[in-house]
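Have a look at the structure below, then the notes.
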Amino acid sequence: MEKELDLGFCVLSFFERYMIAVINEGVNISDDENEVLIQYATDYYKDKPFVYITHRINSYSVNPNIYHRTAEVKSLVGFAVVSADYKAKINAQLEKMFFKKPFEIFGELDEAKAWADQVVQDHKNA
């Protein structure tokens with residue numbers, strides 16, 4: 001890990017090719033929280049391609065309308081949801097319909113990391 005930040009509503013961990021977010025229990029991710037996440041991501045990665053991984057350890061809600069704005073981040077080349085919870089995976093399937101870049105759902109964090117590395121590599125080779 002290169003850097004970790006506690007933003008109060010979540011903890012962000014930054015790596016070379018991906019950012020991992022662990023959102024706190026009971027949080028509702030809406031426009032305000034999304035803009036904070038986007039700002040940190042764009043400041044850290046600038047023009048370097050990266051994947052956003054949300055590690056859904058806790059139960060929280062996401063307004064799916066935020067994905068239109070999130071997809072506008074030019075350096076963001078993919079989005080991954082990691083959860084062992086069936087309901088969280090069903091919600092992620094709905095969220096996926098709002099995001100027009102590669103979006104995958106995983107049961108294990110290591111699977112998401114490997115996928116993120118491949119997505120970034122493929123983007124660089126394109």
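Labels for the structure tokens follow display order: chains A, B, ..., residues from 1 in each chain, ligands from 1.
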**Study point:** Expected answer as a ChimeraX atom specification: strand (DSSP E or B) residues in chain A
**Key:** /A:3-6,10-14,18-23,28-29,50-55,61-62,76-82,103-106
Practice item. Would you mind listing what lies within 8 Å of region 37-45 of chain A as a PyMOL selection string, with only C-alpha atoms counted and same-chain residues fewer than 6 positions away left out? Key: chain A and resi 19+70+73+75
Convert the current residue selection to file output with C-alpha atoms, as a PDB file, in the first residue's frame.
```pdb
ATOM      1  CA  MET A  19      -7.842   2.389  -4.955  1.00  0.00           C
ATOM      2  CA  THR A  70     -18.041   8.740 -11.488  1.00  0.00           C
ATOM      3  CA  VAL A  73     -13.322  10.490 -14.335  1.00  0.00           C
ATOM      4  CA  SER A  75      -8.292   8.057 -15.496  1.00  0.00           C
TER       5      SER A  75
END
```
Point to revise | Selection near region 61-67 of chain A, 6 Å with only C-alpha atoms, sequence-local residues under 4 positions removed, as JSON, numbers by chain | key: {"A": [28, 29, 30, 71, 95, 98, 99]}
Check your understanding: Which residue, A:Glu111, A:Glu16, A:Asp117, A:Asp32, has the smallest gap to Lys3 (chain A) when you use only C-alpha atoms?
Key ->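 Of A:Glu111, A:Glu16, A:Asp117, A:Asp32, the one nearest Lys3 (chain A), counting only C-alpha atoms, is A:Glu16.
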**Study point:** Computed interatomic separation between CA of Ile23 (chain A) and CA of Asp122 (chain A) (Å)
**Key:** 28.1 Å
Review point. In chain A, what's alpha helix (DSSP H) per DSSP? Answer as a PyMOL selection string?
Key: chain A and resi 31-45+66-71+86-96+109-125
Exercise for review: Just the residues within 10 Å of Pro49 (chain A), please, counting only C-alpha atoms, with nothing from its chain fewer than 5 positions along; format it as a list in words.
Suggested key: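 So, after excluding close chain neighbours, the residues are Glu16, Arg17, Tyr18, Val73, Lys74, Ser75, Leu76, Val77, Gly78, Val119, Val120, Gln121, His123 and Lys124 of chain A.
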Practice item. Please identify all polymer residues within 7 Å of Ile105 (chain A), counting only C-alpha atoms, omitting same-chain residues fewer than 5 positions from it, and present them as a PyMOL selection string. Key: chain A and resi 80-82+89
Take the residues just selected and output them with N, CA, C and O atoms as a CSV table (one decimal), in the first residue's frame.
```csv
chain,number,residue,atom,x,y,z
A,80,ALA,N,-14.8,-2.2,-9.4
A,80,ALA,CA,-15.0,-3.5,-8.8
A,80,ALA,C,-15.7,-3.5,-7.5
A,80,ALA,O,-15.4,-2.6,-6.6
A,81,VAL,N,-16.7,-4.4,-7.3
A,81,VAL,CA,-17.4,-4.5,-6.0
A,81,VAL,C,-16.9,-5.9,-5.4
A,81,VAL,O,-17.0,-6.9,-6.1
A,82,VAL,N,-16.5,-5.9,-4.1
A,82,VAL,CA,-16.1,-7.1,-3.4
A,82,VAL,C,-17.0,-7.3,-2.3
A,82,VAL,O,-17.1,-6.4,-1.4
A,89,LYS,N,-24.3,-8.2,-3.5
A,89,LYS,CA,-24.0,-8.5,-4.9
A,89,LYS,C,-25.2,-8.2,-5.8
A,89,LYS,O,-25.0,-7.8,-7.0
```
Exercise for review: Just the residues within 9 Å of Val11 (chain A), please, counting only C-alpha atoms, with nothing from its chain fewer than 2 positions along; format it as an NGL selection string.
Suggested key: :A and (4-9 or 13 or 20-24)
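Minimum distance to Asn58 (chain A) across A:Leu109, A:Val36, A:Leu12, A:Val27 (counting only C-alpha atoms) occurs at A:Val27.
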Revision key, fill the gap. Taken to one decimal, the CA of Phe14 (chain A)-CA of Ala112 (chain A) distance is 14.3 Å
Exercise for review: Quick one: everything within 9 Å of Arg69 (chain A), counting only C-alpha atoms, minus sequence neighbours fewer than 6 positions away in the same chain. Send it as a PyMOL selection string.
Suggested key: chain A and resi 31+34-35+38
Could you save those same residues with C-alpha atoms as a CSV table (one decimal), in the first residue's frame?
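This went into selection36.csv:
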```
chain,number,residue,atom,x,y,z
A,31,ASP,CA,-23.4,13.2,-4.5
A,34,ASN,CA,-19.0,10.8,-4.2
A,35,GLU,CA,-17.4,14.2,-5.0
A,38,ILE,CA,-13.6,11.6,-6.9
```
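Among the candidates A:Ile90, A:Met97, A:Phe79, A:Asp85, the residue lying nearest to Val51 (chain A) is A:Phe79 (atoms considered: only C-alpha atoms).
As for CA of Gln93 (chain A) and CA of Glu108 (chain A), they are spaced 16.4 Å apart.
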Practice item. Would you please work out which residue, of A:Ala88, A:Ala116, A:Leu94, A:Ala126, is nearest to Tyr52 (chain A) when using only C-alpha atoms? Key: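 Of A:Ala88, A:Ala116, A:Leu94, A:Ala126, the one nearest Tyr52 (chain A), counting only C-alpha atoms, is A:Ala116.
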